[in-house]
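Asker: Quick one: this structure, given as structure tokens, is what I'll be asking you about.
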Amino acid sequence: MKIVLVLSALMLVFTSCKKDDDKNNDPNSESTLIRYTIQPIDDNIINVRYKNQNGILIIEPDSIQFADGSYQFSVPSLPFAAKVGLLFNDNAFSIEKYEVAIYVNGTLKAMDTISNTTNSSVGEGYVEYTVE
């Protein structure tokens, strides 16, 4: 009889642990992965502007986070207003165009080709997407 009680208690413990593991693997409880991309990364970029995981607009003059053309991070709660863009030099010797995109959990959600549409020697543009 004691063996049955011990085995029952062990089954209850292992079953409870399994339920806790299932909660930890629940896709609804995981954070959302945001990835911004800018192509190409070149010397004409003056700065990159993006909202970080805290929703704060960052202006990065050296494009450090985008050295390979992309930057990703997780946001723990939704909604999240994703935004990425750049300011760049555009002169008579080059026609600058940049592909800027926002991915959510690996899926493309927003993309645009940013080019200078003014008579200025500086162009800028953004891509925005609200993750819900």
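Ligands are numbered from 1 in the order shown, residues from 1 within each chain, and chains are lettered A, B, ... in the order they appear in the structure tokens.
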Hey, could you make a per-residue contact list for region 23-103 of chain A against region 112-130 of chain A with 7 Å as the cut-off, showing the nearest pair of atoms and its distance in Å to one decimal, counting only C-alpha atoms, sorted by chain and number, as CSV?
Answerer:
```
residue,atom,partner,partner_atom,distance
A:Pro79,CA,A:Thr130,CA,6.7
A:Phe80,CA,A:Thr130,CA,5.7
A:Ala81,CA,A:Thr130,CA,4.4
A:Ala82,CA,A:Tyr129,CA,5.2
A:Lys83,CA,A:Glu128,CA,4.4
A:Val84,CA,A:Val127,CA,5.5
A:Gly85,CA,A:Tyr126,CA,3.9
A:Leu86,CA,A:Glu124,CA,5.6
A:Leu87,CA,A:Glu124,CA,4.3
A:Phe88,CA,A:Gly123,CA,5.3
A:Asn89,CA,A:Val122,CA,4.6
A:Asp90,CA,A:Ser121,CA,4.9
A:Asn91,CA,A:Ser121,CA,5.5
A:Glu96,CA,A:Ser115,CA,6.0
A:Lys97,CA,A:Ser115,CA,4.7
A:Tyr98,CA,A:Ile114,CA,5.1
A:Glu99,CA,A:Thr113,CA,4.6
A:Val100,CA,A:Asp112,CA,5.6
A:Ala101,CA,A:Asp112,CA,6.6
```
Asker: For region 57-73 of chain A, work out the shell of residues within 7 Å, counting only C-alpha atoms and skipping chain neighbours fewer than 5 positions away, then give it as a list in words.
Answerer: Leu33, Ile34, Arg35, Tyr36, Thr37, Ile38, Gln39, Pro40, Ile41, Ile46, Asn47, Val48, Arg49, Tyr50, Lys51 and Asn52 of chain A
Asker: For the residues in the current selection, export all heavy atoms as a short mmCIF file (atom, residue, chain, number, x, y, z; two decimals), in the first residue's frame.
Answerer:
```cif
data_model
loop_
_atom_site.label_atom_id
_atom_site.label_comp_id
_atom_site.auth_asym_id
_atom_site.auth_seq_id
_atom_site.Cartn_x
_atom_site.Cartn_y
_atom_site.Cartn_z
N LEU A 33 9.74 38.94 -31.39
CA LEU A 33 11.03 39.31 -31.97
C LEU A 33 10.81 40.32 -33.10
O LEU A 33 10.08 40.04 -34.05
CB LEU A 33 11.76 38.08 -32.49
CG LEU A 33 13.16 38.30 -33.03
CD1 LEU A 33 14.09 38.75 -31.91
CD2 LEU A 33 13.68 37.03 -33.67
N ILE A 34 11.44 41.47 -32.98
CA ILE A 34 11.39 42.52 -33.99
C ILE A 34 12.76 42.59 -34.65
O ILE A 34 13.79 42.57 -33.97
CB ILE A 34 11.08 43.90 -33.36
CG1 ILE A 34 9.81 43.86 -32.50
CG2 ILE A 34 11.02 45.00 -34.42
CD1 ILE A 34 8.54 43.62 -33.24
N ARG A 35 12.76 42.66 -35.99
CA ARG A 35 14.03 42.84 -36.71
C ARG A 35 13.85 43.96 -37.72
O ARG A 35 12.91 43.95 -38.52
CB ARG A 35 14.46 41.57 -37.42
CG ARG A 35 15.79 41.73 -38.15
CD ARG A 35 16.40 40.42 -38.59
NE ARG A 35 15.51 39.62 -39.39
CZ ARG A 35 15.62 39.47 -40.72
NH1 ARG A 35 16.59 40.05 -41.38
NH2 ARG A 35 14.76 38.71 -41.36
N TYR A 36 14.74 44.95 -37.66
CA TYR A 36 14.78 46.04 -38.62
C TYR A 36 15.91 45.75 -39.60
O TYR A 36 16.98 45.30 -39.19
CB TYR A 36 15.09 47.37 -37.94
CG TYR A 36 14.11 47.84 -36.90
CD1 TYR A 36 14.56 48.40 -35.72
CD2 TYR A 36 12.73 47.77 -37.10
CE1 TYR A 36 13.68 48.89 -34.76
CE2 TYR A 36 11.85 48.25 -36.15
CZ TYR A 36 12.32 48.81 -34.98
OH TYR A 36 11.45 49.29 -34.04
N THR A 37 15.69 46.03 -40.88
CA THR A 37 16.77 45.90 -41.86
C THR A 37 16.88 47.16 -42.70
O THR A 37 15.88 47.82 -42.99
CB THR A 37 16.56 44.70 -42.81
OG1 THR A 37 15.37 44.88 -43.56
CG2 THR A 37 16.49 43.39 -42.03
N ILE A 38 18.11 47.49 -43.07
CA ILE A 38 18.41 48.60 -43.97
C ILE A 38 19.47 48.10 -44.94
O ILE A 38 20.52 47.60 -44.53
CB ILE A 38 18.95 49.83 -43.22
CG1 ILE A 38 17.89 50.36 -42.25
CG2 ILE A 38 19.38 50.91 -44.20
CD1 ILE A 38 18.37 51.50 -41.37
N GLN A 39 19.18 48.23 -46.23
CA GLN A 39 20.13 47.80 -47.26
C GLN A 39 20.20 48.85 -48.35
O GLN A 39 19.16 49.31 -48.81
CB GLN A 39 19.70 46.46 -47.87
CG GLN A 39 19.73 45.30 -46.91
CD GLN A 39 21.12 44.99 -46.41
OE1 GLN A 39 22.11 45.21 -47.10
NE2 GLN A 39 21.21 44.49 -45.19
N PRO A 40 21.34 49.25 -48.80
CA PRO A 40 22.66 48.87 -48.29
C PRO A 40 23.06 49.75 -47.11
O PRO A 40 22.51 50.83 -46.91
CB PRO A 40 23.57 49.14 -49.48
CG PRO A 40 22.94 50.32 -50.16
CD PRO A 40 21.45 50.11 -49.99
N ILE A 41 24.02 49.30 -46.36
CA ILE A 41 24.66 50.13 -45.34
C ILE A 41 25.91 50.70 -46.00
O ILE A 41 26.78 49.95 -46.45
CB ILE A 41 25.05 49.29 -44.09
CG1 ILE A 41 23.80 48.76 -43.40
CG2 ILE A 41 25.91 50.10 -43.13
CD1 ILE A 41 22.89 49.82 -42.80
N ILE A 46 23.83 59.21 -42.85
CA ILE A 46 24.20 60.16 -41.79
C ILE A 46 23.85 59.58 -40.44
O ILE A 46 24.65 59.62 -39.51
CB ILE A 46 23.49 61.51 -42.01
CG1 ILE A 46 23.93 62.12 -43.34
CG2 ILE A 46 23.75 62.45 -40.83
CD1 ILE A 46 23.08 63.30 -43.78
N ASN A 47 22.64 59.04 -40.31
CA ASN A 47 22.25 58.36 -39.09
C ASN A 47 21.08 57.42 -39.35
O ASN A 47 20.38 57.53 -40.34
CB ASN A 47 21.93 59.34 -37.94
CG ASN A 47 20.77 60.25 -38.23
OD1 ASN A 47 19.73 59.84 -38.73
ND2 ASN A 47 20.93 61.52 -37.92
N VAL A 48 20.94 56.47 -38.44
CA VAL A 48 19.83 55.52 -38.46
C VAL A 48 18.95 55.86 -37.26
O VAL A 48 19.45 56.16 -36.17
CB VAL A 48 20.34 54.06 -38.37
CG1 VAL A 48 19.18 53.09 -38.24
CG2 VAL A 48 21.19 53.72 -39.58
N ARG A 49 17.64 55.81 -37.47
CA ARG A 49 16.68 56.14 -36.41
C ARG A 49 15.73 54.97 -36.25
O ARG A 49 15.17 54.48 -37.25
CB ARG A 49 15.92 57.39 -36.80
CG ARG A 49 16.83 58.57 -37.08
CD ARG A 49 16.16 59.62 -37.91
NE ARG A 49 17.09 60.71 -38.14
CZ ARG A 49 16.73 61.96 -38.32
NH1 ARG A 49 15.45 62.28 -38.31
NH2 ARG A 49 17.63 62.89 -38.51
N TYR A 50 15.55 54.54 -35.01
CA TYR A 50 14.66 53.40 -34.77
C TYR A 50 14.11 53.42 -33.36
O TYR A 50 14.70 54.03 -32.47
CB TYR A 50 15.40 52.07 -35.01
CG TYR A 50 16.58 51.87 -34.11
CD1 TYR A 50 16.45 51.17 -32.91
CD2 TYR A 50 17.84 52.36 -34.44
CE1 TYR A 50 17.54 50.98 -32.07
CE2 TYR A 50 18.92 52.18 -33.61
CZ TYR A 50 18.76 51.48 -32.42
OH TYR A 50 19.83 51.30 -31.59
N LYS A 51 12.97 52.78 -33.18
CA LYS A 51 12.42 52.62 -31.83
C LYS A 51 12.99 51.33 -31.25
O LYS A 51 12.92 50.28 -31.88
CB LYS A 51 10.90 52.56 -31.86
CG LYS A 51 10.30 53.93 -32.04
CD LYS A 51 8.86 53.96 -31.63
CE LYS A 51 8.32 55.37 -31.77
NZ LYS A 51 6.90 55.41 -31.47
N ASN A 52 13.55 51.44 -30.04
CA ASN A 52 14.14 50.27 -29.40
C ASN A 52 13.07 49.48 -28.65
O ASN A 52 11.87 49.80 -28.73
CB ASN A 52 15.30 50.67 -28.48
CG ASN A 52 14.86 51.44 -27.25
OD1 ASN A 52 13.67 51.62 -26.97
ND2 ASN A 52 15.84 51.94 -26.50
#
```
Asker: What is the distance between CA of Asn44 (chain A) and CA of Ile102 (chain A), in Å to one decimal?
Answerer: 21.3 Å
Asker: So the first atom is CA of Ser94 (chain A) and the second is CA of Asp42 (chain A); what is the distance between them in Å, to one decimal place?
Answerer: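 CA of Ser94 (chain A) sits 12.1 Å away from CA of Asp42 (chain A).
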Asker: Provide the CA of Met111 (chain A) to CA of Pro76 (chain A) distance in Å, to one decimal place.
Answerer: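 Computing the Euclidean distance for CA of Met111 (chain A) and CA of Pro76 (chain A) yields 23.2 Å.
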Asker: Give me, as an mmCIF file with C-alpha atoms, in the first residue's frame, all polymer residues having an atom no more than 9 Å from Thr32 (chain A), counting only C-alpha atoms and skipping those fewer than 5 positions away in the same chain.
Answerer:
```
data_model
loop_
_atom_site.group_PDB
_atom_site.id
_atom_site.type_symbol
_atom_site.label_atom_id
_atom_site.label_comp_id
_atom_site.auth_asym_id
_atom_site.auth_seq_id
_atom_site.Cartn_x
_atom_site.Cartn_y
_atom_site.Cartn_z
ATOM 1 C CA PHE A 73 15.451 42.619 -30.261
ATOM 2 C CA SER A 74 12.540 41.211 -28.284
ATOM 3 C CA VAL A 75 9.602 43.158 -26.921
ATOM 4 C CA PRO A 76 7.852 41.590 -23.939
ATOM 5 C CA SER A 77 4.463 43.247 -24.407
ATOM 6 C CA LEU A 78 2.189 44.403 -27.190
ATOM 7 C CA VAL A 104 7.981 40.402 -36.737
ATOM 8 C CA ASN A 105 8.922 36.886 -35.604
ATOM 9 C CA VAL A 131 2.674 45.050 -33.791
#
```
